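Asker: So here's data-v1.txt (compact mmCIF, C-alpha atoms).
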# COMPACT_ATOMS: atom_id res chain seq x y z
CA MET A 1 -5.85 -112.61 -91.00
CA SER A 2 -7.37 -113.47 -94.39
CA THR A 3 -10.96 -112.67 -95.35
CA VAL A 4 -11.69 -116.42 -95.40
CA ASP A 5 -10.48 -116.75 -91.80
CA GLU A 6 -12.60 -113.75 -90.79
CA LEU A 7 -15.68 -115.36 -92.35
CA LEU A 8 -15.05 -118.69 -90.60
CA LEU A 9 -14.66 -117.01 -87.19
CA ILE A 10 -17.87 -115.05 -87.80
CA LEU A 11 -19.66 -118.31 -88.67
CA GLN A 12 -18.44 -119.86 -85.41
CA ASN A 13 -19.84 -116.88 -83.51
CA SER A 14 -23.14 -117.05 -85.38
CA LEU A 15 -23.74 -120.82 -85.33
CA PHE A 16 -22.27 -121.78 -81.96
CA GLY A 17 -22.28 -118.60 -79.89
CA CYS A 18 -18.49 -118.33 -79.80
CA ASP A 19 -16.85 -115.07 -78.80
CA ASN A 20 -14.12 -114.77 -81.42
CA LYS A 21 -12.78 -111.25 -81.76
CA VAL A 22 -12.99 -110.28 -85.41
CA ILE A 23 -11.72 -107.17 -87.17
CA ILE A 24 -13.23 -106.90 -90.65
CA THR A 25 -10.45 -105.64 -92.89
CA LYS A 26 -12.10 -105.88 -96.32
CA PRO A 27 -15.87 -105.51 -95.84
CA LYS A 28 -16.85 -105.61 -99.52
CA LYS A 29 -14.75 -108.71 -100.19
CA LEU A 30 -16.23 -110.37 -97.10
CA PHE A 31 -19.78 -109.63 -98.27
CA VAL A 32 -19.20 -110.99 -101.78
CA MET A 33 -17.56 -114.11 -100.36
CA ALA A 34 -20.39 -114.69 -97.88
CA LYS A 35 -23.07 -114.13 -100.52
CA GLU A 36 -21.46 -116.41 -103.12
CA ASN A 37 -21.14 -119.12 -100.46
CA ALA A 38 -24.76 -118.71 -99.26
CA VAL A 39 -24.00 -117.60 -95.70
CA SER A 40 -24.53 -113.82 -96.03
CA GLY A 41 -27.78 -113.88 -94.04
CA THR A 42 -26.42 -116.47 -91.61
CA THR A 43 -23.73 -114.12 -90.37
CA TYR A 44 -25.58 -110.85 -89.77
CA ASN A 45 -26.35 -111.23 -86.05
CA ALA A 46 -22.68 -111.97 -85.40
CA ILE A 47 -21.41 -108.85 -87.21
CA LYS A 48 -24.08 -106.21 -86.60
CA ASP A 49 -22.19 -104.80 -83.59
CA ILE A 50 -18.79 -104.82 -85.28
CA ASP A 51 -17.51 -101.45 -86.45
CA PHE A 52 -17.08 -101.52 -90.24
CA ASP A 53 -18.46 -99.90 -93.40
CA GLU A 54 -22.14 -99.05 -92.76
CA ASP A 55 -23.19 -99.51 -96.40
CA ILE A 56 -21.79 -103.05 -96.44
CA LYS A 57 -23.39 -103.75 -93.07
CA LYS A 58 -26.76 -102.72 -94.52
CA ARG A 59 -26.22 -105.23 -97.34
CA PHE A 60 -25.69 -107.96 -94.77
CA GLN A 61 -28.84 -106.77 -93.00
CA ARG A 62 -30.89 -106.98 -96.22
CA GLU A 63 -29.59 -110.51 -96.77
CA PHE A 64 -30.65 -111.40 -93.23
CA PHE A 65 -34.19 -110.09 -93.81
CA LYS A 66 -34.34 -111.97 -97.12
CA TYR A 67 -33.21 -115.22 -95.45
CA VAL A 68 -35.82 -114.86 -92.70
CA GLN A 69 -38.66 -114.03 -95.10
CA GLN A 70 -37.77 -116.85 -97.47
CA ASP A 71 -37.55 -119.29 -94.56
CA GLN A 72 -40.98 -118.30 -93.26
CA ILE A 73 -42.62 -118.72 -96.68
CA GLN A 74 -40.92 -122.05 -97.33
CA ASN A 75 -41.85 -123.36 -93.89
CA GLN A 76 -45.50 -122.52 -94.63
CA VAL A 77 -45.29 -124.43 -97.91
CA ILE A 78 -43.66 -127.42 -96.17
CA ILE A 79 -46.45 -127.51 -93.59
CA GLU A 80 -49.14 -127.39 -96.29
CA LEU A 81 -47.33 -129.93 -98.44
CA SER A 82 -46.98 -132.29 -95.46
CA ARG A 83 -50.68 -131.99 -94.69
CA VAL A 84 -51.69 -132.83 -98.26
CA LEU A 85 -49.34 -135.82 -98.44
CA ILE A 86 -50.37 -137.21 -95.04
CA ASP A 87 -54.07 -136.81 -95.86
CA SER A 88 -53.45 -138.61 -99.17
CA ASN A 89 -51.44 -141.42 -97.49
CA VAL A 90 -48.32 -140.66 -99.54
CA GLU A 91 -45.12 -141.84 -97.87
CA HIS A 92 -42.57 -139.05 -98.17
CA ARG A 93 -39.43 -137.42 -96.82
CA PHE A 94 -38.13 -133.89 -97.12
CA ILE A 95 -34.49 -134.01 -98.20
CA LYS A 96 -31.35 -131.90 -98.56
CA GLY A 97 -31.71 -128.30 -97.33
CA SER A 98 -35.35 -128.79 -96.39
CA VAL A 99 -34.28 -131.10 -93.56
CA VAL A 100 -30.72 -129.89 -92.87
CA LYS A 101 -32.12 -126.45 -92.00
CA ASN A 102 -33.52 -127.97 -88.81
CA MET A 103 -29.99 -128.79 -87.67
CA TYR A 104 -28.98 -125.12 -87.58
CA PRO A 105 -29.67 -122.96 -84.48
CA SER A 106 -32.44 -121.21 -86.45
CA SER A 107 -33.81 -122.60 -89.69
CA TYR A 108 -33.35 -119.31 -91.59
CA MET A 109 -29.57 -119.68 -91.13
CA ARG A 110 -29.47 -122.42 -93.74
CA SER A 111 -30.52 -120.69 -96.95
CA ARG A 112 -32.16 -122.78 -99.68
CA GLY A 113 -33.46 -121.93 -103.11
CA ASP A 114 -36.16 -124.58 -103.23
CA ILE A 115 -37.86 -127.41 -101.38
CA ASP A 116 -36.76 -130.97 -102.16
CA LEU A 117 -39.24 -133.76 -101.57
CA LEU A 118 -38.89 -137.55 -101.97
CA VAL A 119 -42.05 -139.62 -102.41
CA ASN A 120 -42.59 -143.36 -102.44
CA GLY A 121 -44.77 -143.86 -105.48
CA SER A 122 -45.73 -142.62 -108.91
CA LEU A 123 -44.93 -139.02 -109.80
CA GLN A 124 -47.95 -139.00 -112.08
CA ASP A 125 -50.25 -139.95 -109.19
CA LEU A 126 -48.62 -137.29 -107.04
CA LYS A 127 -49.15 -134.71 -109.77
CA THR A 128 -52.90 -135.40 -109.63
CA ILE A 129 -52.90 -134.99 -105.84
CA LEU A 130 -50.92 -131.74 -105.81
CA LEU A 131 -52.86 -130.13 -108.64
CA GLY A 132 -56.06 -131.00 -106.81
CA ASN A 133 -54.80 -129.15 -103.74
CA GLY A 134 -53.79 -125.84 -105.30
CA PHE A 135 -50.18 -126.53 -106.23
CA GLU A 136 -49.02 -125.41 -109.68
CA PHE A 137 -47.23 -127.76 -112.06
CA GLY A 138 -43.96 -126.60 -113.60
CA THR A 139 -42.07 -129.21 -115.61
CA ASN A 140 -41.22 -132.89 -115.87
CA GLY A 141 -37.51 -133.40 -115.24
CA ALA A 142 -35.02 -136.21 -115.78
CA MET A 143 -34.59 -136.65 -112.02
CA HIS A 144 -37.64 -134.88 -110.61
CA ASP A 145 -40.83 -133.00 -111.38
CA VAL A 146 -41.20 -129.34 -110.51
CA PHE A 147 -44.17 -127.71 -108.77
CA TYR A 148 -44.80 -124.25 -107.30
CA SER A 149 -46.66 -122.82 -104.33
CA LYS A 150 -46.51 -119.21 -103.04
CA GLY A 151 -43.71 -118.65 -105.55
CA VAL A 152 -41.64 -121.44 -103.98
CA HIS A 153 -39.95 -123.94 -106.28
CA ILE A 154 -40.61 -127.58 -105.25
CA ASP A 155 -38.54 -130.45 -106.68
CA VAL A 156 -40.33 -133.80 -106.27
CA HIS A 157 -38.21 -136.96 -106.59
CA ASN A 158 -39.19 -140.63 -106.45
CA THR A 159 -35.58 -141.85 -106.38
CA LEU A 160 -32.45 -140.37 -104.86
CA TYR A 161 -29.67 -141.85 -106.94
CA LYS A 162 -29.23 -141.32 -110.66
CA ARG A 163 -28.51 -144.68 -112.24
CA ASP A 164 -25.82 -143.62 -114.74
CA ASN A 165 -23.49 -141.88 -112.28
CA PHE A 166 -21.64 -142.84 -109.09
CA VAL A 167 -22.29 -146.58 -109.36
CA ASP A 168 -21.20 -147.16 -105.76
CA PHE A 169 -24.10 -145.05 -104.51
CA THR A 170 -26.75 -146.84 -106.58
CA GLN A 171 -26.10 -149.88 -104.40
CA MET A 172 -27.70 -148.02 -101.48
CA GLY A 173 -31.24 -148.74 -102.68
CA GLU A 174 -34.01 -146.45 -101.44
CA VAL A 175 -34.52 -144.97 -97.99
CA TRP A 176 -37.82 -146.79 -97.44
CA ASP A 177 -35.98 -150.10 -97.14
CA CYS A 178 -32.79 -149.12 -95.31
CA GLY A 179 -33.76 -149.24 -91.61
CA TYR A 180 -31.08 -146.65 -90.72
CA GLU A 181 -32.52 -143.42 -92.05
CA VAL A 182 -30.26 -140.89 -90.32
CA GLU A 183 -27.11 -142.64 -91.53
CA TYR A 184 -28.58 -143.23 -94.99
CA MET A 185 -29.48 -139.56 -95.46
CA LEU A 186 -25.99 -138.49 -94.37
CA VAL A 187 -24.54 -140.63 -97.15
CA TYR A 188 -27.02 -139.05 -99.56
CA LEU A 189 -25.73 -135.59 -98.58
CA LEU A 190 -22.22 -136.81 -99.44
CA TYR A 191 -23.47 -138.09 -102.80
CA HIS A 192 -25.11 -134.75 -103.56
CA LEU A 193 -21.95 -132.90 -102.56
CA LYS A 194 -19.86 -135.12 -104.85
CA LYS A 195 -22.27 -134.45 -107.70
CA HIS A 196 -21.96 -130.68 -107.31
CA ILE A 197 -18.16 -130.85 -107.07
CA ARG A 198 -18.11 -132.89 -110.27
CA ASP A 199 -20.47 -130.45 -112.02
CA GLY A 200 -18.37 -127.39 -111.31
CA GLY A 201 -17.82 -126.76 -107.64
CA VAL A 202 -19.57 -126.30 -104.33
CA GLY A 203 -19.69 -123.45 -101.84
CA LEU A 204 -19.08 -123.28 -98.12
CA ARG A 205 -22.72 -123.78 -97.11
CA SER A 206 -22.99 -127.27 -98.61
CA VAL A 207 -19.70 -128.35 -97.04
CA ILE A 208 -20.57 -127.27 -93.51
CA ASP A 209 -23.98 -128.97 -93.91
CA ILE A 210 -22.20 -132.30 -93.40
CA SER A 211 -20.87 -131.40 -89.97
CA MET A 212 -24.02 -129.54 -88.91
CA TYR A 213 -25.88 -132.79 -89.64
CA VAL A 214 -23.35 -134.99 -87.79
CA ASP A 215 -23.14 -132.62 -84.81
CA TYR A 216 -26.94 -132.56 -84.50
CA HIS A 217 -27.19 -136.36 -84.53
CA LYS A 218 -23.91 -137.17 -82.75
CA LYS A 219 -25.56 -138.73 -79.68
CA THR A 220 -27.67 -141.16 -81.68
CA LEU A 221 -25.63 -141.67 -84.86
CA ASP A 222 -24.87 -145.37 -85.41
CA LEU A 223 -21.20 -145.09 -86.41
CA LYS A 224 -20.87 -148.80 -87.21
CA GLN A 225 -23.78 -148.62 -89.65
CA LEU A 226 -22.55 -145.32 -91.05
CA TYR A 227 -19.12 -146.77 -91.81
CA MET A 228 -20.77 -149.77 -93.47
CA TYR A 229 -22.61 -147.36 -95.79
CA LEU A 230 -19.44 -145.32 -96.36
CA GLU A 231 -17.44 -148.41 -97.28
CA LYS A 232 -20.24 -149.60 -99.56
CA THR A 233 -20.16 -146.28 -101.44
CA ASN A 234 -16.36 -145.86 -101.35
CA SER A 235 -16.77 -142.63 -99.36
CA VAL A 236 -14.83 -143.22 -96.12
CA GLU A 237 -11.87 -141.00 -96.98
CA PHE A 238 -14.04 -138.23 -98.42
CA PHE A 239 -16.31 -138.18 -95.35
CA GLU A 240 -13.46 -138.21 -92.83
CA ASN A 241 -11.62 -135.42 -94.61
CA LEU A 242 -14.76 -133.25 -94.71
CA ILE A 243 -15.26 -133.75 -90.96
CA LYS A 244 -11.63 -132.81 -90.25
CA ILE A 245 -11.84 -129.73 -92.48
CA ASN A 246 -15.14 -128.65 -90.93
CA ASP A 247 -13.69 -129.06 -87.43
CA ARG A 248 -11.19 -126.37 -88.38
CA TYR A 249 -13.87 -124.24 -90.05
CA LEU A 250 -16.37 -124.40 -87.19
CA GLY A 251 -14.28 -125.12 -84.09
CA LEU A 252 -15.84 -128.56 -83.60
CA THR A 253 -14.28 -131.82 -82.33
CA LEU A 254 -16.14 -134.38 -84.44
CA THR A 255 -12.81 -135.86 -85.60
CA ASP A 256 -12.71 -137.68 -82.24
CA SER A 257 -15.47 -140.03 -83.43
CA LEU A 258 -13.71 -141.03 -86.68
CA ASN A 259 -11.82 -144.25 -87.31
CA ASN A 260 -8.91 -142.27 -88.76
CA LYS A 261 -8.11 -139.34 -86.48
CA THR A 262 -4.96 -138.18 -88.32
CA PRO A 263 -5.26 -134.39 -88.81
CA ILE A 264 -5.87 -133.09 -92.31
CA ASN A 265 -2.74 -132.02 -94.17
CA ASP A 266 -2.34 -128.21 -94.06
CA GLU A 267 -1.76 -127.98 -97.82
CA VAL A 268 -4.87 -130.08 -98.57
CA TYR A 269 -6.90 -127.91 -96.18
CA LYS A 270 -5.65 -124.73 -97.84
CA ASN A 271 -6.28 -125.98 -101.40
CA PHE A 272 -9.74 -127.38 -100.67
CA THR A 273 -10.78 -124.19 -98.88
CA SER A 274 -9.60 -122.10 -101.82
CA PHE A 275 -11.52 -124.38 -104.20
CA ILE A 276 -14.88 -124.20 -102.42
CA ILE A 277 -14.71 -120.49 -101.60
CA ARG A 278 -13.85 -119.66 -105.21
CA SER A 279 -16.50 -121.97 -106.71
CA GLY A 280 -19.40 -120.71 -104.59
CA VAL A 281 -22.74 -122.44 -104.17
CA HIS A 282 -23.90 -124.14 -107.40
CA ALA A 283 -20.52 -123.20 -108.92
CA LEU A 284 -21.71 -119.59 -109.36
CA GLY A 285 -18.65 -117.89 -107.87
CA SER A 286 -17.57 -114.88 -109.91
CA ASP A 287 -13.99 -116.20 -110.25
CA ASN A 288 -14.95 -119.83 -110.84
CA ASN A 289 -14.44 -121.77 -114.06
CA LYS A 290 -16.74 -124.73 -113.48
CA LYS A 291 -15.41 -126.54 -116.55
CA VAL A 292 -12.11 -127.15 -114.71
CA SER A 293 -13.90 -129.33 -112.16
CA GLN A 294 -15.84 -131.15 -114.86
CA ILE A 295 -12.72 -131.89 -116.91
CA ALA A 296 -10.69 -132.82 -113.81
CA TYR A 297 -13.34 -135.16 -112.47
CA ASN A 298 -13.80 -136.85 -115.83
CA GLN A 299 -10.04 -137.24 -116.35
CA LEU A 300 -9.78 -138.70 -112.86
CA TYR A 301 -12.06 -141.45 -114.17
CA SER A 302 -10.30 -141.67 -117.56
CA VAL A 303 -12.75 -139.53 -119.55
CA GLY A 304 -10.92 -137.05 -121.81
CA LYS A 305 -11.81 -133.41 -122.53
CA THR A 306 -13.26 -134.28 -125.96
CA LYS A 307 -15.64 -136.83 -124.46
CA THR A 308 -16.55 -134.36 -121.71
CA ILE A 309 -17.64 -131.82 -124.37
CA LEU A 310 -19.50 -134.51 -126.36
CA ASN A 311 -21.32 -135.60 -123.21
CA ARG A 312 -22.39 -131.97 -122.78
CA ILE A 313 -23.74 -131.89 -126.34
CA PHE A 314 -25.32 -135.36 -126.47
CA LEU A 315 -27.28 -135.43 -123.23
CA PRO A 316 -28.84 -138.70 -121.97
CA TYR A 317 -32.17 -139.65 -123.59
CA ILE A 318 -34.19 -139.23 -120.39
CA GLN A 319 -32.80 -135.71 -119.92
CA MET A 320 -33.53 -134.76 -123.53
CA LYS A 321 -37.05 -136.13 -123.19
CA SER A 322 -37.69 -133.97 -120.13
CA MET A 323 -36.22 -130.86 -121.79
CA TYR A 324 -38.01 -131.25 -125.13
CA PRO A 325 -41.12 -133.40 -124.50
CA LYS A 326 -42.90 -132.22 -127.67
CA ILE A 327 -39.98 -133.36 -129.85
CA VAL A 328 -38.38 -136.33 -128.06
CA LYS A 329 -41.55 -138.39 -127.56
CA CYS A 330 -39.69 -141.69 -127.99
CA ARG A 331 -36.09 -142.90 -128.45
CA ILE A 332 -36.27 -142.80 -132.23
CA MET A 333 -36.88 -139.03 -131.98
CA TYR A 334 -33.69 -138.45 -129.94
CA PRO A 335 -31.60 -137.25 -132.97
CA PHE A 336 -34.22 -134.61 -133.75
CA GLY A 337 -33.97 -133.36 -130.17
CA VAL A 338 -30.19 -133.08 -130.50
CA LEU A 339 -30.52 -131.13 -133.76
CA TYR A 340 -33.16 -128.82 -132.28
CA ARG A 341 -30.99 -128.18 -129.23
CA PHE A 342 -27.96 -127.47 -131.43
CA PHE A 343 -29.65 -125.01 -133.80
CA HIS A 344 -31.73 -123.41 -131.04
CA GLY A 345 -28.51 -122.84 -129.13
CA LEU A 346 -26.83 -121.25 -132.14
CA ILE A 347 -29.72 -118.84 -132.62
CA LYS A 348 -30.70 -118.04 -129.03
CA SER A 349 -27.57 -118.69 -126.98
CA SER A 350 -24.58 -118.27 -129.29
CA LYS A 351 -22.85 -115.89 -126.88
CA LYS A 352 -23.40 -118.28 -123.98
CA ILE A 353 -22.06 -121.21 -126.01
CA LYS A 354 -18.98 -119.20 -127.00
CA ILE A 355 -18.30 -118.35 -123.35
CA GLU A 356 -18.79 -121.99 -122.35
CA MET A 357 -16.40 -123.24 -125.01
CA GLN A 358 -13.82 -120.67 -123.85
CA MET A 359 -14.15 -122.08 -120.33
CA TYR A 360 -13.12 -125.50 -121.63
CA LYS A 361 -9.78 -123.99 -122.66
CA SER A 362 -8.45 -124.21 -119.12
CA SER A 363 -4.75 -124.65 -118.50
CA LYS A 364 -3.31 -128.14 -118.05
CA ASP A 365 -1.76 -127.07 -114.74
CA GLU A 366 -5.13 -125.87 -113.41
CA VAL A 367 -6.80 -129.15 -114.35
CA GLU A 368 -3.92 -131.21 -112.95
CA ASP A 369 -3.98 -129.29 -109.64
CA THR A 370 -7.73 -129.94 -109.37
CA ILE A 371 -7.27 -133.66 -110.14
CA ASN A 372 -4.65 -133.86 -107.38
CA LEU A 373 -6.97 -132.08 -104.95
CA PHE A 374 -9.79 -134.49 -105.74
CA ARG A 375 -7.47 -137.43 -105.09
CA GLU A 376 -6.24 -135.94 -101.81
CA ILE A 377 -9.72 -135.37 -100.39
CA GLY A 378 -10.93 -138.83 -101.38
CA LEU A 379 -12.96 -138.29 -104.53
What is this file in structure tokens?
Answerer:
Amino acid sequence: MSTVDELLLILQNSLFGCDNKVIITKPKKLFVMAKENAVSGTTYNAIKDIDFDEDIKKRFQREFFKYVQQDQIQNQVIIELSRVLIDSNVEHRFIKGSVVKNMYPSSYMRSRGDIDLLVNGSLQDLKTILLGNGFEFGTNGAMHDVFYSKGVHIDVHNTLYKRDNFVDFTQMGEVWDCGYEVEYMLVYLLYHLKKHIRDGGVGLRSVIDISMYVDYHKKTLDLKQLYMYLEKTNSVEFFENLIKINDRYLGLTLTDSLNNKTPINDEVYKNFTSFIIRSGVHALGSDNNKKVSQIAYNQLYSVGKTKTILNRIFLPYIQMKSMYPKIVKCRIMYPFGVLYRFFHGLIKSSKKIKIEMQMYKSSKDEVEDTINLFREIGL
């Protein structure tokens, strides 16, 4: 049995109380894989009684304690944040991991680095409210503003879909107007997953989120409305393949509710699993070259490697403005921001830039294999 298969059986035991018999053959490899895929603390209670290397087991235990402590602190911040927003009559929703965590048996099991919040209104007005209630301001971003409380990073959005990417998703409008919030937010999770795959890869945690969400809502999920949203965003094939793959990961039977119940091809399953395990959460896997995904995704949509690199250098105006607000105060100042970024990078991050440029020199076969995988899973 492979280390990946061991990890998946352990996750089934942890998340659903299964009684899979697992022999851990490569403890250190298992720990690294679980950590890079953000499930190292999720698995501890399912492995603590298994006989394997005690030093590695203690690492899993430390991850478990870290997950629990982080969850408790973040839950306190969410409660306080909710109180402030309700008292101030600000319509809001917690999104991504901050809501998906409630679909796990215990909220600590779904690790998250920050709190994501969507508000209906001006971010400037919200800034005034939060600063007046003890929250610390961090930065203005292209897609969200950043605040802090108790050391917790809070990303505050006032829109979910970036207008210059994934045009199909921008047709969804905003959640306040949809009328089918559960189905709408599921499609948003798919959008966010696509974005991370495009940007370099995505780990196991974010993939199983989709089925944890569907399984939690399966009795009330409006499948007709969901499929309308999926068709509108050209995501039917991607969604159905994720459900089929997760059924094999987690021992679920959610495929029964799909329009297309044809089992996932074994080769596609194997290649996709290898891709997500290697990439790790936020594309931070130690063996991952995130540029392969970026080049593959762009070539899939007829954007060559040269343009991919240029897009990395010449960032969108709104992103440059958020990164360098003292320089890029208006559009006419954009070239000065590009020059500052270029020379600042040469001085401060030359080694990082060199490594990044080396990553772009990926093999044609590697890129082509990734393009084929993206096609096969419905991207």
Asker: Calculated over all atoms listed in the file, which of the candidates A:Ile210, A:Gly173, A:Leu223, A:Pro325 has the smallest distance to Thr139 (chain A)?
Answerer: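 Smallest distance to Thr139 (chain A) is found for A:Pro325.
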Asker: Excluding region 253-260 of chain A and residues on its chain fewer than 6 positions from it, collect all residues at most 7 Å away from it, counting only C-alpha atoms, and give them as a PyMOL selection string.
Answerer: chain A and resi 240+243-244+247
Asker: Using all atoms listed in the file, can you tell me which of A:Asp19, A:Glu91, A:Glu136, A:Glu36 comes closest to Val202 (chain A)?
Answerer: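 So, comparing all the options, the nearest one is A:Glu36.
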Asker: Kindly give the distance, in Å, that separates CA of Lys270 (chain A) and CA of Leu250 (chain A), rounded to a single decimal.
Answerer: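 Atom-to-atom, CA of Lys270 (chain A) to CA of Leu250 (chain A), that is 15.1 Å.
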Asker: Looking at all atoms listed in the file, which of A:Leu30, A:Val39, A:Met1, A:Ile79 is the one that sits closest to Asp53 (chain A)?
Answerer: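 Using all atoms listed in the file, the shortest distance to Asp53 (chain A) belongs to A:Leu30.
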Asker: So, counting only C-alpha atoms, which residue among A:Val68, A:Leu126, A:Ile208, A:Val187 is closest to Leu81 (chain A)?
Answerer: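 When distances to Leu81 (chain A) are compared using only C-alpha atoms, the smallest one comes from A:Leu126.
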Asker: For Phe135 (chain A), which residue among A:Val77, A:Leu252, A:Leu123, A:Ile264 is the nearest when counting only C-alpha atoms?
Answerer: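 Residue with the minimum atom-to-atom distance to Phe135 (chain A): A:Val77.
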Asker: Quick one: of A:Thr262, A:Leu230, A:Asp365, A:Ala38, who's nearest to Tyr191 (chain A), counting only C-alpha atoms?
Answerer: A:Leu230
Asker: Could you pull the residues within 12 Å of Met228 (chain A), counting all atoms listed in the file, minus those fewer than 6 positions along the same chain, as a PyMOL selection string?
Answerer: chain A and resi 172+180+183-184+187+222+234-236
Asker: Figure out the distance between CA of Val119 (chain A) and CA of Asn75 (chain A), please, to one decimal in Å.
Answerer: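 Computing the Euclidean distance for CA of Asn75 (chain A) and CA of Val119 (chain A) yields 18.4 Å.
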Asker: Measure the distance from CA of Gly280 (chain A) to CA of Asp199 (chain A) in Å and round it to one decimal.
Answerer: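 Taking CA of Gly280 (chain A) and CA of Asp199 (chain A), their separation equals 12.3 Å.
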Asker: Would you mind listing, for every residue of region 34-136 of chain A within 10 Å of region 3-18 of chain A, the two atoms forming the shortest contact and the distance between them in Å to one decimal, using all atoms listed in the file, sorted by chain and ascending residue number, as JSON lines?
Answerer:
{"residue": "A:Ala34", "atom": "CA", "partner": "A:Leu7", "partner_atom": "CA", "distance": 7.3}
{"residue": "A:Val39", "atom": "CA", "partner": "A:Leu11", "partner_atom": "CA", "distance": 8.3}
{"residue": "A:Ser40", "atom": "CA", "partner": "A:Leu7", "partner_atom": "CA", "distance": 9.7}
{"residue": "A:Thr42", "atom": "CA", "partner": "A:Ser14", "partner_atom": "CA", "distance": 7.1}
{"residue": "A:Thr43", "atom": "CA", "partner": "A:Ser14", "partner_atom": "CA", "distance": 5.8}
{"residue": "A:Tyr44", "atom": "CA", "partner": "A:Ser14", "partner_atom": "CA", "distance": 8.0}
{"residue": "A:Asn45", "atom": "CA", "partner": "A:Ser14", "partner_atom": "CA", "distance": 6.7}
{"residue": "A:Ala46", "atom": "CA", "partner": "A:Ser14", "partner_atom": "CA", "distance": 5.1}
{"residue": "A:Ile47", "atom": "CA", "partner": "A:Ile10", "partner_atom": "CA", "distance": 7.2}
{"residue": "A:Tyr104", "atom": "CA", "partner": "A:Leu15", "partner_atom": "CA", "distance": 7.1}
{"residue": "A:Pro105", "atom": "CA", "partner": "A:Leu15", "partner_atom": "CA", "distance": 6.4}
{"residue": "A:Ser106", "atom": "CA", "partner": "A:Leu15", "partner_atom": "CA", "distance": 8.8}
{"residue": "A:Met109", "atom": "CA", "partner": "A:Leu15", "partner_atom": "CA", "distance": 8.3}
Asker: Please list as a VMD selection string every residue within 12 Å of Ser206 (chain A), counting all atoms listed in the file and excluding residues in the same chain fewer than 2 positions away.
Answerer: chain A and resid 36 to 39 96 to 97 100 to 101 110 to 112 189 to 197 201 to 204 208 to 213 242 246 276 to 277 279 to 283
Asker: Hey, could you make a per-residue contact list for region 15-101 of chain A against region 146-149 of chain A with 10 Å as the cut-off, showing the nearest pair of atoms and its distance in Å to one decimal, counting only C-alpha atoms, sorted by chain and number, as JSON lines?
Answerer:
{"residue": "A:Ile73", "atom": "CA", "partner": "A:Ser149", "partner_atom": "CA", "distance": 9.6}
{"residue": "A:Gln74", "atom": "CA", "partner": "A:Ser149", "partner_atom": "CA", "distance": 9.1}
{"residue": "A:Gln76", "atom": "CA", "partner": "A:Ser149", "partner_atom": "CA", "distance": 9.8}
{"residue": "A:Val77", "atom": "CA", "partner": "A:Ser149", "partner_atom": "CA", "distance": 6.8}
{"residue": "A:Ile78", "atom": "CA", "partner": "A:Ser149", "partner_atom": "CA", "distance": 9.8}
{"residue": "A:Glu80", "atom": "CA", "partner": "A:Ser149", "partner_atom": "CA", "distance": 9.6}
{"residue": "A:Leu81", "atom": "CA", "partner": "A:Ser149", "partner_atom": "CA", "distance": 9.3}
Asker: Deliver the residues from the most recent selection as a file, using C-alpha atoms, as an mmCIF file, in the frame of the given file.
Answerer:
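File written: part_3.cif
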data_model
loop_
_atom_site.group_PDB
_atom_site.id
_atom_site.type_symbol
_atom_site.label_atom_id
_atom_site.label_comp_id
_atom_site.auth_asym_id
_atom_site.auth_seq_id
_atom_site.Cartn_x
_atom_site.Cartn_y
_atom_site.Cartn_z
ATOM 1 C CA ILE A 73 -42.620 -118.720 -96.680
ATOM 2 C CA GLN A 74 -40.920 -122.050 -97.330
ATOM 3 C CA GLN A 76 -45.500 -122.520 -94.630
ATOM 4 C CA VAL A 77 -45.290 -124.430 -97.910
ATOM 5 C CA ILE A 78 -43.660 -127.420 -96.170
ATOM 6 C CA GLU A 80 -49.140 -127.390 -96.290
ATOM 7 C CA LEU A 81 -47.330 -129.930 -98.440
#
